[in-house]
Amino acid sequence: MMETNTFSKFSAEFFGTMVLVLMGCGSAVIAGANGTTGVGLLGISFAFGLSVVGMAYAIGHISGCHINPAITLGMVIAGRMKTNEAIVYIIAQILGAIVGAGLLFVIASGKEGYSLAVNGLGQNGYAASSPAHYDLLSGFVAETVFTFIFLFVIFGATSTKNIYGGFAGLSIGLCLVLIHIVGIPVTGVSVNPARSIGPALLVGGAAISQLWLFIIAPILGSALSAVVWRYLLERK
């Protein structure tokens with residue numbers, strides 16, 4: 001059995017990732033991407049960012065609010081986290097993302113005319129599955145670079161040397177908003193393997209066959225960011 005502290009962290013990461021997928025992907029599926037009748041690209045971007053802000057202040061004191069395997073792996077590489085604890089986090093995040101996608105499906109399917117195959121669950125994709133039909137290379141570069149930037153902000157915002165540390169959750173959430181504003185047309189934006197795995201498992205098809213990119217690219221971007229921060233920029 002997991003220790004009480006570990007169970008609390010597991011639960012926090014599970015719940016936080018569930019909320020991120022439900023609210024972030026839900027903004028696209030339920031609220032709509034139409035700028036006239038729905039929230040539009042900007043609204044979806046803020047839904048993802050505000051999910052992170054809300055969860056940062058709700059569970060940050062429990063688990064650090066990673067809710068993203070790329071962040072957890074980056075913390076391990078940066079020397080801020082132990083591997084055995086990271087494994088618990090990643091399992092919780094993936095399970096939370098699957099449950100979040102499942103809840104979204106249950107809610108969305110309550111509307112007449114909804115089709116999982118047509119409307120999806122906010123899954124990520126490239127080429128024909130890209131919102132604006134960007135190719136594989138564009139998708140891979142975007143996910144790698146955007147994750148690098150995201151982790152870079154996280155490392156800086158959560159540094160013990162940062163005198164503005166109390167605003168870490170806000171700065172991290174706003175960074176995610178920025179990344180979505182630019183990146184939604186390219187891949188729908190992942191920068192988070194769990195966020196991609198949850199919807200893809202339920203949607204299937206191309207979402208599954210393209211899932212590798214949204215696992216490998218964020219991990220690569222995270223690793224590069226962790227190395228740069230730890231060995232070049234972090235104040236000792």
# chains A, B, ... in the order shown; residues from 1 in each chain; ligands from 1

$ residues_around --residues "range 166-172 of chain A" --least-positions-apart "4" --cutoff "7 Å" --atoms "only C-alpha atoms" --output "compact mmCIF listing (two decimals) with N, CA, C and O atoms, in the first residue's frame"
# COMPACT_ATOMS: atom_id res chain seq x y z
N VAL A 53 -4.06 27.17 -13.54
CA VAL A 53 -4.04 28.15 -12.45
C VAL A 53 -4.87 27.66 -11.27
O VAL A 53 -4.42 27.68 -10.11
N ALA A 56 -3.24 24.70 -9.61
CA ALA A 56 -1.98 25.06 -8.95
C ALA A 56 -2.24 25.54 -7.53
O ALA A 56 -1.52 25.17 -6.59
N TYR A 57 -3.28 26.34 -7.36
CA TYR A 57 -3.58 26.86 -6.03
C TYR A 57 -4.40 25.87 -5.20
O TYR A 57 -4.45 26.00 -3.97
N VAL A 153 9.62 28.16 -18.12
CA VAL A 153 8.85 29.06 -17.25
C VAL A 153 8.59 28.40 -15.90
O VAL A 153 8.69 29.05 -14.85
N ILE A 154 8.27 27.11 -15.91
CA ILE A 154 8.00 26.39 -14.67
C ILE A 154 9.23 26.36 -13.77
O ILE A 154 9.14 26.63 -12.56
N ALA A 157 9.73 29.95 -12.46
CA ALA A 157 8.66 30.41 -11.56
C ALA A 157 8.68 29.69 -10.22
O ALA A 157 8.28 30.27 -9.20
N THR A 158 9.13 28.44 -10.21
CA THR A 158 9.13 27.66 -8.97
C THR A 158 10.50 27.63 -8.29
O THR A 158 10.67 26.93 -7.29
N LEU A 176 0.80 28.74 -20.46
CA LEU A 176 0.07 27.71 -21.20
C LEU A 176 -0.97 28.34 -22.11
O LEU A 176 -1.22 27.84 -23.22

$ closest_atom_pairs --of "range 159-226 of chain A" --to "range 73-94 of chain A" --cutoff "12 Å" --atoms "only C-alpha atoms" --output "JSON lines"
{"residue": "A:Ser159", "atom": "CA", "partner": "A:Arg80", "partner_atom": "CA", "distance": 10.3}
{"residue": "A:Thr160", "atom": "CA", "partner": "A:Arg80", "partner_atom": "CA", "distance": 11.5}
{"residue": "A:Asn192", "atom": "CA", "partner": "A:Gln93", "partner_atom": "CA", "distance": 9.8}
{"residue": "A:Pro193", "atom": "CA", "partner": "A:Ile94", "partner_atom": "CA", "distance": 8.1}
{"residue": "A:Ala194", "atom": "CA", "partner": "A:Ile94", "partner_atom": "CA", "distance": 4.8}
{"residue": "A:Arg195", "atom": "CA", "partner": "A:Ile94", "partner_atom": "CA", "distance": 7.8}
{"residue": "A:Ser196", "atom": "CA", "partner": "A:Ile94", "partner_atom": "CA", "distance": 9.3}
{"residue": "A:Ile197", "atom": "CA", "partner": "A:Ile94", "partner_atom": "CA", "distance": 7.1}
{"residue": "A:Gly198", "atom": "CA", "partner": "A:Ile94", "partner_atom": "CA", "distance": 6.9}
{"residue": "A:Pro199", "atom": "CA", "partner": "A:Ile94", "partner_atom": "CA", "distance": 10.6}
{"residue": "A:Ala200", "atom": "CA", "partner": "A:Ile94", "partner_atom": "CA", "distance": 11.6}
{"residue": "A:Leu201", "atom": "CA", "partner": "A:Ile94", "partner_atom": "CA", "distance": 10.8}
{"residue": "A:Ile215", "atom": "CA", "partner": "A:Ile94", "partner_atom": "CA", "distance": 11.6}
{"residue": "A:Ile216", "atom": "CA", "partner": "A:Leu73", "partner_atom": "CA", "distance": 12.0}
{"residue": "A:Pro218", "atom": "CA", "partner": "A:Gly74", "partner_atom": "CA", "distance": 10.0}
{"residue": "A:Ile219", "atom": "CA", "partner": "A:Leu73", "partner_atom": "CA", "distance": 7.4}
{"residue": "A:Leu220", "atom": "CA", "partner": "A:Gly74", "partner_atom": "CA", "distance": 9.5}
{"residue": "A:Gly221", "atom": "CA", "partner": "A:Gly74", "partner_atom": "CA", "distance": 9.0}
{"residue": "A:Ser222", "atom": "CA", "partner": "A:Gly74", "partner_atom": "CA", "distance": 5.2}
{"residue": "A:Ala223", "atom": "CA", "partner": "A:Gly74", "partner_atom": "CA", "distance": 5.6}
{"residue": "A:Leu224", "atom": "CA", "partner": "A:Gly74", "partner_atom": "CA", "distance": 8.5}
{"residue": "A:Ser225", "atom": "CA", "partner": "A:Gly74", "partner_atom": "CA", "distance": 7.5}
{"residue": "A:Ala226", "atom": "CA", "partner": "A:Ala78", "partner_atom": "CA", "distance": 5.1}

$ select_by_dssp --residues "range 70-125 of chain A" --states "helix (DSSP H, G or I)" --output "ChimeraX atom specification"
/A:70-77,83-108,116-119

$ atom_distance --atom1 "CA of Ile30 in chain A" --atom2 "CA of Leu213 in chain A"
25.6 Å

$ residues_around --residues "range 113-129 of chain A" --least-positions-apart "3" --cutoff "8 Å" --atoms "only C-alpha atoms" --output "MDAnalysis selection string"
chainID A and resid 25:26 28:29 101 104:105 108:110 133:136 139 186:190 196 199:200 203 206:207 210:211 214

$ atom_distance --atom1 "CA of Val39 in chain A" --atom2 "CA of Val106 in chain A"
20.9 Å

$ closest_residue --among "A:Glu112, A:Lys9, A:Met23, A:Leu103" --to "His66 in chain A" --atoms "only C-alpha atoms"
A:Lys9

$ residues_around --residues "Met55 in chain A" --least-positions-apart "3" --cutoff "9 Å" --atoms "only C-alpha atoms" --output "list in words"
Phe15, Gly16, Thr17, Val19, Leu20, Leu50, Ser51, Val52, Ala58, Ile59, Gly60, Cys65, Ile67 and Gly169 of chain A

$ write_last_selection --atoms "N, CA and C atoms" --output "PDB file, in the first residue's frame"
ATOM      1  N   PHE A  15      -6.624  13.910  -9.716  1.00  0.00           N
ATOM      2  CA  PHE A  15      -7.728  14.858  -9.801  1.00  0.00           C
ATOM      3  C   PHE A  15      -7.355  16.065 -10.664  1.00  0.00           C
ATOM      4  N   GLY A  16      -6.156  16.583 -10.479  1.00  0.00           N
ATOM      5  CA  GLY A  16      -5.731  17.746 -11.244  1.00  0.00           C
ATOM      6  C   GLY A  16      -5.685  17.490 -12.740  1.00  0.00           C
ATOM      7  N   THR A  17      -5.156  16.329 -13.130  1.00  0.00           N
ATOM      8  CA  THR A  17      -5.086  15.998 -14.557  1.00  0.00           C
ATOM      9  C   THR A  17      -6.467  15.743 -15.127  1.00  0.00           C
ATOM     10  N   VAL A  19      -9.214  17.223 -14.188  1.00  0.00           N
ATOM     11  CA  VAL A  19      -9.810  18.545 -14.386  1.00  0.00           C
ATOM     12  C   VAL A  19      -9.240  19.225 -15.630  1.00  0.00           C
ATOM     13  N   LEU A  20      -7.933  19.121 -15.819  1.00  0.00           N
ATOM     14  CA  LEU A  20      -7.300  19.734 -16.988  1.00  0.00           C
ATOM     15  C   LEU A  20      -7.891  19.200 -18.282  1.00  0.00           C
ATOM     16  N   LEU A  50      -6.418  28.414 -17.417  1.00  0.00           N
ATOM     17  CA  LEU A  50      -7.122  28.617 -16.155  1.00  0.00           C
ATOM     18  C   LEU A  50      -7.273  27.320 -15.375  1.00  0.00           C
ATOM     19  N   SER A  51      -7.341  26.205 -16.082  1.00  0.00           N
ATOM     20  CA  SER A  51      -7.372  24.906 -15.398  1.00  0.00           C
ATOM     21  C   SER A  51      -6.098  24.709 -14.596  1.00  0.00           C
ATOM     22  N   VAL A  52      -4.968  25.087 -15.202  1.00  0.00           N
ATOM     23  CA  VAL A  52      -3.681  24.961 -14.508  1.00  0.00           C
ATOM     24  C   VAL A  52      -3.604  25.931 -13.338  1.00  0.00           C
ATOM     25  N   ALA A  58      -5.014  24.892  -5.857  1.00  0.00           N
ATOM     26  CA  ALA A  58      -5.794  23.889  -5.121  1.00  0.00           C
ATOM     27  C   ALA A  58      -4.924  22.747  -4.617  1.00  0.00           C
ATOM     28  N   ILE A  59      -4.020  22.242  -5.464  1.00  0.00           N
ATOM     29  CA  ILE A  59      -3.241  21.055  -5.093  1.00  0.00           C
ATOM     30  C   ILE A  59      -1.731  21.293  -5.116  1.00  0.00           C
ATOM     31  N   GLY A  60      -1.318  22.506  -5.428  1.00  0.00           N
ATOM     32  CA  GLY A  60       0.119  22.787  -5.501  1.00  0.00           C
ATOM     33  C   GLY A  60       0.844  22.488  -4.208  1.00  0.00           C
ATOM     34  N   CYS A  65       1.457  20.158  -8.172  1.00  0.00           N
ATOM     35  CA  CYS A  65       0.594  20.324  -9.340  1.00  0.00           C
ATOM     36  C   CYS A  65       1.348  20.182 -10.661  1.00  0.00           C
ATOM     37  N   ILE A  67       0.555  17.616 -12.961  1.00  0.00           N
ATOM     38  CA  ILE A  67      -0.541  17.174 -13.847  1.00  0.00           C
ATOM     39  C   ILE A  67      -0.082  17.011 -15.300  1.00  0.00           C
ATOM     40  N   GLY A 169       1.832  29.883  -9.925  1.00  0.00           N
ATOM     41  CA  GLY A 169       0.684  29.259 -10.577  1.00  0.00           C
ATOM     42  C   GLY A 169       0.101  30.131 -11.666  1.00  0.00           C
TER      43      GLY A 169
END

$ closest_residue --among "A:Met18, A:Ile98, A:Ile181, A:Leu42" --to "Leu202 in chain A" --atoms "only C-alpha atoms"
A:Ile98

$ atom_distance --atom1 "CA of Glu234 in chain A" --atom2 "CA of Phe146 in chain A"
20.1 Å

$ decode --residues "range 118-136 of chain A" --atoms "N, CA, C and O atoms" --output "PDB file, in the first residue's frame"
ATOM      1  N   VAL A 118     -16.699  12.030 -35.323  1.00  0.00           N
ATOM      2  CA  VAL A 118     -16.711  13.327 -36.010  1.00  0.00           C
ATOM      3  C   VAL A 118     -16.276  14.457 -35.088  1.00  0.00           C
ATOM      4  O   VAL A 118     -15.410  15.264 -35.433  1.00  0.00           O
ATOM      5  N   ASN A 119     -16.857  14.538 -33.914  1.00  0.00           N
ATOM      6  CA  ASN A 119     -16.593  15.636 -32.993  1.00  0.00           C
ATOM      7  C   ASN A 119     -15.381  15.405 -32.098  1.00  0.00           C
ATOM      8  O   ASN A 119     -14.739  16.348 -31.647  1.00  0.00           O
ATOM      9  N   GLY A 120     -15.079  14.135 -31.822  1.00  0.00           N
ATOM     10  CA  GLY A 120     -13.905  13.795 -31.042  1.00  0.00           C
ATOM     11  C   GLY A 120     -13.969  14.246 -29.596  1.00  0.00           C
ATOM     12  O   GLY A 120     -15.027  14.619 -29.067  1.00  0.00           O
ATOM     13  N   LEU A 121     -12.803  14.254 -28.959  1.00  0.00           N
ATOM     14  CA  LEU A 121     -12.688  14.650 -27.553  1.00  0.00           C
ATOM     15  C   LEU A 121     -11.520  15.628 -27.349  1.00  0.00           C
ATOM     16  O   LEU A 121     -10.862  15.620 -26.326  1.00  0.00           O
ATOM     17  N   GLY A 122     -11.269  16.428 -28.375  1.00  0.00           N
ATOM     18  CA  GLY A 122     -10.177  17.381 -28.277  1.00  0.00           C
ATOM     19  C   GLY A 122      -8.818  16.732 -28.420  1.00  0.00           C
ATOM     20  O   GLY A 122      -7.820  17.239 -27.893  1.00  0.00           O
ATOM     21  N   GLN A 123      -8.755  15.618 -29.142  1.00  0.00           N
ATOM     22  CA  GLN A 123      -7.490  14.899 -29.316  1.00  0.00           C
ATOM     23  C   GLN A 123      -6.520  15.696 -30.184  1.00  0.00           C
ATOM     24  O   GLN A 123      -6.926  16.581 -30.927  1.00  0.00           O
ATOM     25  N   ASN A 124      -5.250  15.385 -30.047  1.00  0.00           N
ATOM     26  CA  ASN A 124      -4.214  16.075 -30.821  1.00  0.00           C
ATOM     27  C   ASN A 124      -3.945  15.341 -32.124  1.00  0.00           C
ATOM     28  O   ASN A 124      -4.223  14.152 -32.262  1.00  0.00           O
ATOM     29  N   GLY A 125      -3.368  16.059 -33.098  1.00  0.00           N
ATOM     30  CA  GLY A 125      -3.057  15.416 -34.366  1.00  0.00           C
ATOM     31  C   GLY A 125      -2.204  16.286 -35.268  1.00  0.00           C
ATOM     32  O   GLY A 125      -2.040  17.482 -35.021  1.00  0.00           O
ATOM     33  N   TYR A 126      -1.662  15.667 -36.298  1.00  0.00           N
ATOM     34  CA  TYR A 126      -0.889  16.387 -37.306  1.00  0.00           C
ATOM     35  C   TYR A 126      -1.359  15.952 -38.683  1.00  0.00           C
ATOM     36  O   TYR A 126      -2.173  15.038 -38.809  1.00  0.00           O
ATOM     37  N   ALA A 127      -0.860  16.624 -39.719  1.00  0.00           N
ATOM     38  CA  ALA A 127      -1.269  16.350 -41.111  1.00  0.00           C
ATOM     39  C   ALA A 127      -2.789  16.490 -41.225  1.00  0.00           C
ATOM     40  O   ALA A 127      -3.333  17.516 -40.844  1.00  0.00           O
ATOM     41  N   ALA A 128      -3.475  15.466 -41.712  1.00  0.00           N
ATOM     42  CA  ALA A 128      -4.924  15.560 -41.892  1.00  0.00           C
ATOM     43  C   ALA A 128      -5.667  15.746 -40.577  1.00  0.00           C
ATOM     44  O   ALA A 128      -6.792  16.257 -40.540  1.00  0.00           O
ATOM     45  N   SER A 129      -5.050  15.355 -39.476  1.00  0.00           N
ATOM     46  CA  SER A 129      -5.684  15.476 -38.156  1.00  0.00           C
ATOM     47  C   SER A 129      -5.334  16.786 -37.459  1.00  0.00           C
ATOM     48  O   SER A 129      -5.832  17.060 -36.361  1.00  0.00           O
ATOM     49  N   SER A 130      -4.477  17.587 -38.076  1.00  0.00           N
ATOM     50  CA  SER A 130      -4.128  18.892 -37.523  1.00  0.00           C
ATOM     51  C   SER A 130      -5.291  19.856 -37.759  1.00  0.00           C
ATOM     52  O   SER A 130      -5.893  19.845 -38.840  1.00  0.00           O
ATOM     53  N   PRO A 131      -5.638  20.707 -36.797  1.00  0.00           N
ATOM     54  CA  PRO A 131      -6.727  21.667 -36.993  1.00  0.00           C
ATOM     55  C   PRO A 131      -6.569  22.513 -38.253  1.00  0.00           C
ATOM     56  O   PRO A 131      -7.551  22.839 -38.918  1.00  0.00           O
ATOM     57  N   ALA A 132      -5.317  22.885 -38.573  1.00  0.00           N
ATOM     58  CA  ALA A 132      -5.071  23.691 -39.771  1.00  0.00           C
ATOM     59  C   ALA A 132      -4.193  22.940 -40.777  1.00  0.00           C
ATOM     60  O   ALA A 132      -3.587  23.544 -41.658  1.00  0.00           O
ATOM     61  N   HIS A 133      -4.120  21.609 -40.622  1.00  0.00           N
ATOM     62  CA  HIS A 133      -3.398  20.723 -41.542  1.00  0.00           C
ATOM     63  C   HIS A 133      -1.894  21.006 -41.643  1.00  0.00           C
ATOM     64  O   HIS A 133      -1.320  21.024 -42.731  1.00  0.00           O
ATOM     65  N   TYR A 134      -1.261  21.210 -40.495  1.00  0.00           N
ATOM     66  CA  TYR A 134       0.200  21.327 -40.447  1.00  0.00           C
ATOM     67  C   TYR A 134       0.784  19.911 -40.476  1.00  0.00           C
ATOM     68  O   TYR A 134       0.216  18.981 -39.894  1.00  0.00           O
ATOM     69  N   ASP A 135       1.950  19.750 -41.138  1.00  0.00           N
ATOM     70  CA  ASP A 135       2.507  18.418 -41.314  1.00  0.00           C
ATOM     71  C   ASP A 135       3.228  17.901 -40.068  1.00  0.00           C
ATOM     72  O   ASP A 135       3.319  18.589 -39.040  1.00  0.00           O
ATOM     73  N   LEU A 136       3.746  16.680 -40.182  1.00  0.00           N
ATOM     74  CA  LEU A 136       4.396  16.004 -39.059  1.00  0.00           C
ATOM     75  C   LEU A 136       5.573  16.808 -38.510  1.00  0.00           C
ATOM     76  O   LEU A 136       5.715  16.959 -37.291  1.00  0.00           O
TER      77      LEU A 136
END
